[in-house]
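Q: The structure file query_19.csv (CSV, C-alpha atoms) is provided below.
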chain,number,residue,atom,x,y,z
A,1,MET,CA,-40.9,27.9,33.7
A,2,PRO,CA,-42.5,28.3,30.3
A,3,GLU,CA,-39.5,26.7,28.6
A,4,LEU,CA,-39.7,23.7,31.0
A,5,VAL,CA,-43.4,23.3,30.0
A,6,GLY,CA,-42.4,23.5,26.4
A,7,ALA,CA,-39.6,20.9,26.9
A,8,ILE,CA,-42.1,18.5,28.6
A,9,VAL,CA,-44.5,18.9,25.7
A,10,VAL,CA,-41.8,18.3,23.1
A,11,ALA,CA,-40.4,15.2,25.0
A,12,THR,CA,-43.9,13.8,25.3
A,13,GLY,CA,-44.5,14.3,21.6
A,14,PHE,CA,-41.3,12.3,20.7
A,15,LEU,CA,-42.3,9.7,23.3
A,16,VAL,CA,-45.6,9.2,21.5
A,17,LEU,CA,-43.9,8.9,18.2
A,18,VAL,CA,-41.4,6.3,19.5
A,19,VAL,CA,-44.2,4.3,21.2
A,20,ARG,CA,-46.1,4.4,18.0
A,21,ASP,CA,-43.0,2.9,16.2
A,22,VAL,CA,-42.8,0.1,18.8
A,23,LEU,CA,-46.4,-0.7,18.3
A,24,VAL,CA,-46.1,-0.7,14.5
A,25,VAL,CA,-43.1,-3.0,14.6
A,26,HIS,CA,-44.8,-5.3,17.1
A,27,GLY,CA,-47.9,-5.4,14.8
A,28,ARG,CA,-45.7,-6.3,11.8
A,29,VAL,CA,-43.8,-9.1,13.6
A,30,VAL,CA,-47.1,-10.6,14.8
A,31,ARG,CA,-48.6,-10.4,11.3
A,32,ARG,CA,-45.5,-12.0,9.7
A,33,LEU,CA,-45.4,-14.8,12.3
A,34,GLU,CA,-49.1,-15.5,11.8
A,35,GLU,CA,-48.8,-15.4,8.0
A,36,SER,CA,-45.8,-17.8,8.1
A,37,GLY,CA,-47.8,-20.2,10.3
A,38,VAL,CA,-45.0,-20.2,12.9
A,39,ALA,CA,-47.4,-19.1,15.6
A,40,GLU,CA,-51.0,-18.4,16.0
A,41,GLY,CA,-52.3,-15.8,18.4
A,42,VAL,CA,-48.8,-14.7,19.4
A,43,ASP,CA,-50.2,-11.4,20.5
A,44,GLY,CA,-52.0,-13.2,23.3
A,45,THR,CA,-55.5,-13.1,21.7
B,46,MET,CA,-43.0,30.5,21.9
B,47,THR,CA,-42.0,28.1,24.6
B,48,ILE,CA,-42.3,25.2,22.2
B,49,VAL,CA,-40.0,27.1,19.8
B,50,ALA,CA,-37.3,27.3,22.5
B,51,ALA,CA,-37.8,23.6,23.5
B,52,LEU,CA,-37.5,22.5,19.8
B,53,ALA,CA,-34.4,24.7,19.3
B,54,TYR,CA,-32.7,23.2,22.4
B,55,THR,CA,-33.7,19.7,21.2
B,56,GLY,CA,-32.3,20.5,17.7
B,57,ALA,CA,-29.0,21.7,19.3
B,58,MET,CA,-28.6,18.6,21.5
B,59,LEU,CA,-29.5,16.3,18.5
B,60,ALA,CA,-26.8,18.1,16.4
B,61,MET,CA,-24.3,17.7,19.2
B,62,ALA,CA,-25.1,13.9,19.5
B,63,ALA,CA,-24.9,13.5,15.7
B,64,GLY,CA,-21.7,15.5,15.5
B,65,LEU,CA,-20.1,13.5,18.3
B,66,THR,CA,-21.0,10.1,16.8
B,67,LYS,CA,-19.9,11.1,13.3
B,68,LEU,CA,-16.6,12.5,14.7
B,69,VAL,CA,-15.9,9.1,16.4
B,70,SER,CA,-17.2,7.0,13.5
B,71,PRO,CA,-17.7,8.8,10.1
B,72,ARG,CA,-18.1,5.6,8.0
B,73,GLY,CA,-21.9,5.7,7.9
B,74,ALA,CA,-22.0,9.3,6.7
B,75,VAL,CA,-19.3,8.6,4.1
B,76,THR,CA,-21.3,5.6,2.8
B,77,ALA,CA,-24.4,7.7,2.6
B,78,MET,CA,-22.7,10.6,0.8
B,79,ARG,CA,-20.9,8.3,-1.7
B,80,ALA,CA,-24.1,6.5,-2.5
B,81,MET,CA,-25.6,9.9,-3.4
B,82,LEU,CA,-22.5,10.7,-5.5
B,83,LEU,CA,-21.4,13.5,-3.2
B,84,PRO,CA,-17.8,14.3,-2.5
B,85,SER,CA,-16.9,12.5,0.7
B,86,SER,CA,-14.1,11.3,2.9
B,87,SER,CA,-13.6,10.6,6.6
B,88,THR,CA,-11.8,14.0,7.0
B,89,LEU,CA,-14.6,15.9,5.3
B,90,VAL,CA,-17.3,14.2,7.4
B,91,ARG,CA,-15.2,14.8,10.6
B,92,ALA,CA,-14.8,18.5,9.7
B,93,GLY,CA,-18.6,18.7,9.2
B,94,ALA,CA,-19.1,16.9,12.5
B,95,VAL,CA,-17.0,19.5,14.3
B,96,VAL,CA,-19.1,22.3,12.8
B,97,GLU,CA,-22.3,20.5,13.8
B,98,LEU,CA,-21.0,19.9,17.3
B,99,THR,CA,-19.8,23.5,17.7
B,100,CYS,CA,-23.1,25.0,16.4
B,101,GLY,CA,-25.1,22.8,18.7
B,102,ALA,CA,-23.0,23.8,21.7
B,103,LEU,CA,-23.1,27.5,20.8
B,104,VAL,CA,-26.9,27.5,20.4
B,105,LEU,CA,-27.2,26.1,23.9
B,106,ALA,CA,-24.6,28.5,25.4
B,107,TRP,CA,-24.8,31.8,23.4
B,108,ASP,CA,-27.6,34.2,23.0
B,109,SER,CA,-26.5,35.3,19.5
B,110,TRP,CA,-28.6,34.6,16.4
B,111,LEU,CA,-25.6,33.5,14.4
B,112,PRO,CA,-25.2,29.9,15.6
B,113,ARG,CA,-29.0,29.5,15.5
B,114,LEU,CA,-29.1,30.5,11.8
B,115,LEU,CA,-26.1,28.3,11.0
B,116,LEU,CA,-27.7,25.3,12.6
B,117,ALA,CA,-31.0,26.0,10.9
B,118,SER,CA,-29.1,26.0,7.6
B,119,ALA,CA,-27.5,22.7,8.5
B,120,TYR,CA,-31.0,21.2,9.1
B,121,VAL,CA,-32.2,22.6,5.8
B,122,GLY,CA,-29.2,20.8,4.2
B,123,PHE,CA,-30.1,17.5,6.0
B,124,ALA,CA,-33.7,17.9,4.8
B,125,ILE,CA,-32.6,18.3,1.2
B,126,PHE,CA,-30.3,15.3,1.4
B,127,SER,CA,-33.0,13.2,3.0
B,128,LEU,CA,-35.4,14.3,0.3
B,129,ALA,CA,-32.9,13.4,-2.4
B,130,VAL,CA,-32.3,9.9,-0.9
B,131,LEU,CA,-36.1,9.5,-0.6
B,132,ARG,CA,-36.7,10.4,-4.3
B,133,SER,CA,-33.8,8.2,-5.5
B,134,GLU,CA,-35.5,5.2,-3.7
B,135,ARG,CA,-32.0,3.8,-2.8
B,136,ASP,CA,-31.5,1.9,0.4
B,137,VAL,CA,-28.9,4.3,1.8
B,138,PRO,CA,-28.4,4.4,5.6
B,139,CYS,CA,-28.6,8.1,6.7
B,140,GLY,CA,-25.4,7.9,8.8
B,141,CYS,CA,-26.9,10.5,11.1
B,142,PHE,CA,-25.6,8.8,14.2
B,143,GLY,CA,-22.6,6.8,12.9
B,144,PRO,CA,-22.7,3.5,10.9
B,145,GLY,CA,-26.0,1.9,10.0
B,146,GLY,CA,-29.3,3.5,11.0
B,147,ALA,CA,-32.5,4.0,9.1
B,148,THR,CA,-32.8,4.9,5.4
B,149,PRO,CA,-33.8,8.6,5.3
B,150,GLY,CA,-37.6,8.9,5.1
B,151,TRP,CA,-40.3,11.5,5.5
B,152,ARG,CA,-39.7,11.6,9.2
B,153,HIS,CA,-36.2,12.9,8.6
B,154,VAL,CA,-37.4,15.5,6.1
B,155,SER,CA,-40.2,16.7,8.3
B,156,LEU,CA,-38.2,16.7,11.6
B,157,ASP,CA,-35.3,18.6,9.9
B,158,VAL,CA,-37.7,21.2,8.5
B,159,VAL,CA,-39.5,21.6,11.8
B,160,LEU,CA,-36.2,22.0,13.7
B,161,ALA,CA,-34.9,24.5,11.1
B,162,ILE,CA,-38.0,26.6,11.4
B,163,ALA,CA,-37.8,26.5,15.2
B,164,LEU,CA,-34.2,27.6,15.2
B,165,VAL,CA,-34.9,30.5,12.8
B,166,ALA,CA,-37.9,31.6,15.1
B,167,PHE,CA,-35.7,31.1,18.1
B,168,GLY,CA,-33.1,33.5,16.7
B,169,ALA,CA,-35.7,36.0,15.5
B,170,GLU,CA,-37.4,36.1,18.9
B,171,ARG,CA,-34.1,36.5,20.7
B,172,LEU,CA,-35.1,33.9,23.2
B,173,PRO,CA,-32.6,33.0,26.0
B,174,SER,CA,-30.1,30.2,25.5
B,175,ALA,CA,-30.1,27.1,27.7
B,176,LEU,CA,-27.2,28.5,29.6
B,177,GLY,CA,-29.0,31.8,30.1
B,178,LEU,CA,-32.0,29.9,31.5
B,179,VAL,CA,-29.7,28.1,34.0
B,180,ARG,CA,-28.2,31.4,35.0
B,181,GLU,CA,-31.6,33.0,35.5
B,182,SER,CA,-33.0,30.1,37.6
B,183,ALA,CA,-30.7,27.1,38.3
B,184,PRO,CA,-33.4,24.5,39.3
B,185,LEU,CA,-35.7,25.4,36.4
B,186,GLY,CA,-32.9,25.7,33.9
B,187,VAL,CA,-31.3,22.4,34.8
B,188,ALA,CA,-34.7,20.7,34.8
B,189,THR,CA,-35.4,22.1,31.3
B,190,VAL,CA,-32.0,20.9,30.0
B,191,ALA,CA,-32.6,17.5,31.5
B,192,VAL,CA,-36.1,17.2,29.9
B,193,VAL,CA,-34.6,18.4,26.6
B,194,ALA,CA,-31.9,15.8,26.8
B,195,VAL,CA,-34.6,13.1,27.1
B,196,ALA,CA,-36.5,14.7,24.2
B,197,SER,CA,-33.3,14.6,22.1
B,198,LEU,CA,-32.7,10.9,23.0
B,199,LEU,CA,-36.3,10.1,21.9
B,200,ALA,CA,-35.8,12.2,18.7
B,201,ALA,CA,-32.6,10.2,17.9
B,202,THR,CA,-34.5,6.9,18.5
B,203,PHE,CA,-37.3,8.1,16.3
B,204,LEU,CA,-34.9,9.0,13.5
B,205,SER,CA,-33.1,5.6,13.9
B,206,GLY,CA,-36.3,3.6,13.5
B,207,SER,CA,-35.0,1.5,10.6
B,208,GLU,CA,-38.2,-0.7,10.5
B,209,THR,CA,-40.5,2.2,10.3
B,210,ALA,CA,-38.7,5.2,8.8
B,211,ARG,CA,-40.3,4.5,5.4
B,212,ALA,CA,-43.5,3.2,6.9
B,213,GLY,CA,-45.6,5.4,4.7
B,214,ARG,CA,-44.1,4.1,1.5
B,215,ASP,CA,-44.0,0.4,2.7
B,216,ASP,CA,-47.6,0.4,3.8
B,217,ALA,CA,-48.8,2.2,0.7
Represent the structure from my file as structure tokens, please.
A:
Amino acid sequence: MPELVGAIVVATGFLVLVVRDVLVVHGRVVRRLEESGVAEGVDGT
Amino acid sequence: MTIVAALAYTGAMLAMAAGLTKLVSPRGAVTAMRAMLLPSSSTLVRAGAVVELTCGALVLAWDSWLPRLLLASAYVGFAIFSLAVLRSERDVPCGCFGPGGATPGWRHVSLDVVLAIALVAFGAERLPSALGLVRESAPLGVATVAVVAVASLLAATFLSGSETARAGRDDA
């Protein structure tokens, strides 16, 4: 049981890191699109 | 110490996945090693991949400290290689999981060091292997292995993040 809890904590930690990556890449794409004038407010704002 | 066991299992599964992909397609690792002027060939990479795969499997299946220490040494080696690539500032794909992939960054160095420390602590504490866990309690053992497999997949995704692996340097 303790190992299962540890595994869940580790998996959640990596999930947070991957989601952070996705958000960082999304932010960069939006910024580049806006800077290039291709689109404005592509993030829905 | 539960985190230590979970990290050690994750490191073992990650090594097995990396070993398997390099065994099938060693080109990425050969390119990375050549770029860093290290001796390399498909045969050499495949031999290393077999060792990586075997160590990972033994860490999961055997309670001995030996494979744990060997795999920890391998992760120290990966950390040193990643640090060397990082310092050289070359755009070398890490080749961790076959061709392509991210250029080694701080995430590779830090994760390799964390996994190496966890494997050493795992061996020193004489914690049970994943197979030992399954034998002790099948439902909990299998659930633990399943969650660790997900953690390993996420760890591999994190290491393969080509757009963000050197985020610290790019954003600086």
Q: What does the structure give for the distance between CA of Ala80 in chain B and CA of Val18 in chain A, in Å to one decimal?
A: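 Between these atoms lies a distance of 28.0 Å.
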Q: Set the cut-off to 6 Å and count all atoms listed in the file: what are the residues of chain B that reach chain A? Output as a PyMOL selection string.
A: chain B and resi 47-48+51+189+192-193+196+199-200+203
Q: Take CA of Ala77 in chain B and CA of Arg152 in chain B and report the distance between them in Å, one decimal.
A: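 Interatomic distance here is 17.1 Å.
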Q: Between B:Leu172, B:Ala117, B:Met78, B:Leu89, which is the closest to Leu156 in chain B once you count only C-alpha atoms?
A: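 Checking each of B:Leu172, B:Ala117, B:Met78, B:Leu89 against Leu156 in chain B, counting only C-alpha atoms, the winner is B:Ala117.
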Q: Would you compute the distance between CA of Asp136 in chain B and CA of Gly64 in chain B? Give it in Å to one decimal.
A: 22.6 Å
Q: For the point (-26.6, 32.2, 13.6) in file coordinates, what residues are within 10 Å, counting all atoms listed in the file? Give the answer as a VMD selection string?
A: chain B and resid 100 103 to 104 107 to 118 164 to 165 168
